[in-house]
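For reference, the structure is listed below as structure tokens.
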Amino acid sequence: MPWNETDREKYAVIRTRYASDLSDAEFALIEPLLPARKPRGRKPTDARAILNALFYMVRTGCPWRYLPKDFPPFTTVQNRFYAWRDSGLWEQIVGTLVMAVREAVGKEAAPTVVIVDSQSVKTTEAGGPKGYDAGKKIKGRKRHIAVDTLGLAIKCQVTTADKQDRDALPALLKAVSQKSPWVKLAFVDGGYAGDETQRAAYEASRIRLSVVKRSDRQIKGFIVLPKRWIVERTFGWINRSRRLAKDFETLISS
């Protein structure tokens with residue numbers, strides 16, 4: 001039996017809904033932070049459609065050109081992503097959401113403690129900066145991340161994979177201090193140990209380090225370490241998104 005127009009409209013609504021789409025409540029949190037529409041010129045593509053397209057890409061790992069046709073043209077999505085990246089909008093959105101979540105669970109909006117770690121991920125043939133992490137035997141890039149005690153990202157910096165954790169730490173903590181000056185303590189693993197590392201980190205940020213080491217009795221295997229498991233869980237959250245499980249971008253800034 002052929003479809004009538006009502007059936008086609010119903011199918012169109014169902015077809016354009018994806019699990020990664022923003023709900024009305026979620027978009028309401030972000031909408032006030034988005035750039036205001038210019039009074040003149042052509043009406044811009046709906047910002048919610050742009051966000052839904054970006055979240056779809058991050059979750060599924062599809063290339064720009066393979067965005068489903070019920071999203072805006074991939075060039076429009078791509079250009080808006082770059083514009084928002086360069087304006088610092090993404091960091092503003094993340095910072096606002098982090099504060100809202102912290103207040104919702106009864107914590108102060110600004111954290112005073114962070115947990116720091118890094119994660120090396122492979123890159124592709126797309127080119128761009130990359131290096132070899134001899135410890136993890138991975139050629140690609142490294143994410144240096146600082147999270148609060150809920151596992152929410154406070155700051156993230158990307159380098160080539162051959163960048164030593166201790167060498168990247170001062171710059172990361174300096175950025176944390178500039179963004180959230182109330183942070184006074186950072187939990188780190190044994191890879192950041194050493195008087196010189198602690199001194200360089202403190203001089204850059206005025207943030208003290210607390211090194212959480214493995215037990216001397218542990219020979220091999222996985223064990224939950226105090227505070228450290230929080231940032232490891234955050235990396236687990238990141239890896240659920242296929243486009244983040246491997247670095248497909250040419251530029252570190254993306």
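All residue names refer to the structure tokens as shown: chains lettered A, B, ... in order, residues numbered from 1 in each chain, ligands numbered from 1 in order.
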What residues in range 93-152 of chain A get the DSSP label strand (DSSP E)? Please answer as a short mmCIF file (atom, residue, chain, number, x, y, z; two decimals) with N, CA, C and O atoms, in the first residue's frame.
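As written to disk, out.cif reads:
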```cif
data_model
loop_
_atom_site.label_atom_id
_atom_site.label_comp_id
_atom_site.auth_asym_id
_atom_site.auth_seq_id
_atom_site.Cartn_x
_atom_site.Cartn_y
_atom_site.Cartn_z
N VAL A 113 40.53 20.97 43.61
CA VAL A 113 41.41 19.81 43.41
C VAL A 113 41.19 19.26 42.00
O VAL A 113 40.05 19.22 41.52
N VAL A 114 42.27 18.86 41.34
CA VAL A 114 42.18 18.20 40.05
C VAL A 114 42.99 16.91 40.07
O VAL A 114 43.87 16.73 40.92
N ILE A 115 42.66 16.01 39.15
CA ILE A 115 43.44 14.79 38.94
C ILE A 115 43.96 14.84 37.51
O ILE A 115 43.20 15.13 36.57
N VAL A 116 45.24 14.58 37.35
CA VAL A 116 45.90 14.75 36.05
C VAL A 116 46.41 13.41 35.54
O VAL A 116 46.93 12.59 36.30
N ASP A 117 46.29 13.19 34.26
CA ASP A 117 46.86 12.01 33.62
C ASP A 117 46.93 12.27 32.11
O ASP A 117 46.46 13.31 31.63
N SER A 118 47.49 11.32 31.38
CA SER A 118 47.60 11.46 29.93
C SER A 118 47.15 10.17 29.26
O SER A 118 47.11 9.11 29.87
N GLN A 119 46.82 10.29 27.99
CA GLN A 119 46.38 9.15 27.19
C GLN A 119 46.94 9.30 25.78
O GLN A 119 46.74 10.32 25.13
N SER A 120 47.66 8.28 25.33
CA SER A 120 48.19 8.28 23.97
C SER A 120 47.21 7.58 23.04
O SER A 120 46.68 6.52 23.38
N VAL A 121 46.97 8.19 21.88
CA VAL A 121 46.05 7.60 20.90
C VAL A 121 46.69 7.63 19.52
O VAL A 121 47.50 8.50 19.21
N LYS A 122 46.32 6.67 18.70
CA LYS A 122 46.85 6.59 17.34
C LYS A 122 46.25 7.68 16.46
O LYS A 122 45.12 8.12 16.68
N GLY A 131 53.94 11.84 17.04
CA GLY A 131 55.20 11.34 17.59
C GLY A 131 55.00 9.92 18.07
O GLY A 131 53.90 9.35 17.97
N TYR A 132 56.06 9.33 18.63
CA TYR A 132 56.02 7.93 19.06
C TYR A 132 56.18 7.84 20.56
O TYR A 132 57.18 8.31 21.12
N ASP A 133 55.18 7.27 21.22
CA ASP A 133 55.23 7.01 22.66
C ASP A 133 55.87 5.64 22.86
O ASP A 133 55.23 4.60 22.67
N ILE A 138 52.85 3.52 20.87
CA ILE A 138 51.80 4.13 20.06
C ILE A 138 52.38 5.32 19.29
O ILE A 138 53.04 6.18 19.86
N LYS A 139 52.11 5.34 17.98
CA LYS A 139 52.50 6.48 17.16
C LYS A 139 51.28 7.36 16.96
O LYS A 139 50.27 6.93 16.40
N GLY A 140 51.35 8.58 17.45
CA GLY A 140 50.20 9.46 17.33
C GLY A 140 50.33 10.68 18.22
O GLY A 140 51.36 11.36 18.20
N ARG A 141 49.30 10.90 19.02
CA ARG A 141 49.25 12.09 19.87
C ARG A 141 48.90 11.71 21.30
O ARG A 141 48.45 10.60 21.56
N LYS A 142 49.10 12.66 22.18
CA LYS A 142 48.84 12.41 23.59
C LYS A 142 47.92 13.50 24.13
O LYS A 142 48.13 14.70 23.88
N ARG A 143 46.90 13.07 24.87
CA ARG A 143 45.98 14.00 25.54
C ARG A 143 46.40 14.13 27.00
O ARG A 143 46.46 13.15 27.72
N HIS A 144 46.68 15.35 27.41
CA HIS A 144 47.00 15.64 28.80
C HIS A 144 45.76 16.29 29.39
O HIS A 144 45.35 17.37 28.94
N ILE A 145 45.17 15.66 30.39
CA ILE A 145 43.87 16.11 30.86
C ILE A 145 43.86 16.29 32.38
O ILE A 145 44.51 15.54 33.12
N ALA A 146 43.17 17.33 32.82
CA ALA A 146 42.95 17.57 34.24
C ALA A 146 41.45 17.56 34.49
O ALA A 146 40.70 18.28 33.81
N VAL A 147 40.99 16.73 35.43
CA VAL A 147 39.57 16.62 35.74
C VAL A 147 39.35 16.94 37.20
O VAL A 147 40.27 16.88 38.02
#
```
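With distances restricted to only C-alpha atoms, A:Val94 is the closest residue to Leu29 in chain A from A:Cys62, A:Val188, A:Ile50, A:Val94.
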Please return as an MDAnalysis selection string: the residues of range 3-195 of chain A that backbone DSSP assigns to helix (DSSP H, G or I).
chainID A and resid 5:15 24:33 47:60 64:66 74:87 89:104 165:179 190:192 195
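Every protein or nucleic acid residue with an atom no more than 8 Å from Ala201 in chain A, counting only C-alpha atoms and leaving out same-chain residues fewer than 2 positions away, appears here: Leu169, Pro170, Ala171, Leu173, Lys174, Thr197, Gln198, Arg199, Glu203, Ala204, Ser205, Arg206, Ile207, Arg208 and Leu209 of chain A.
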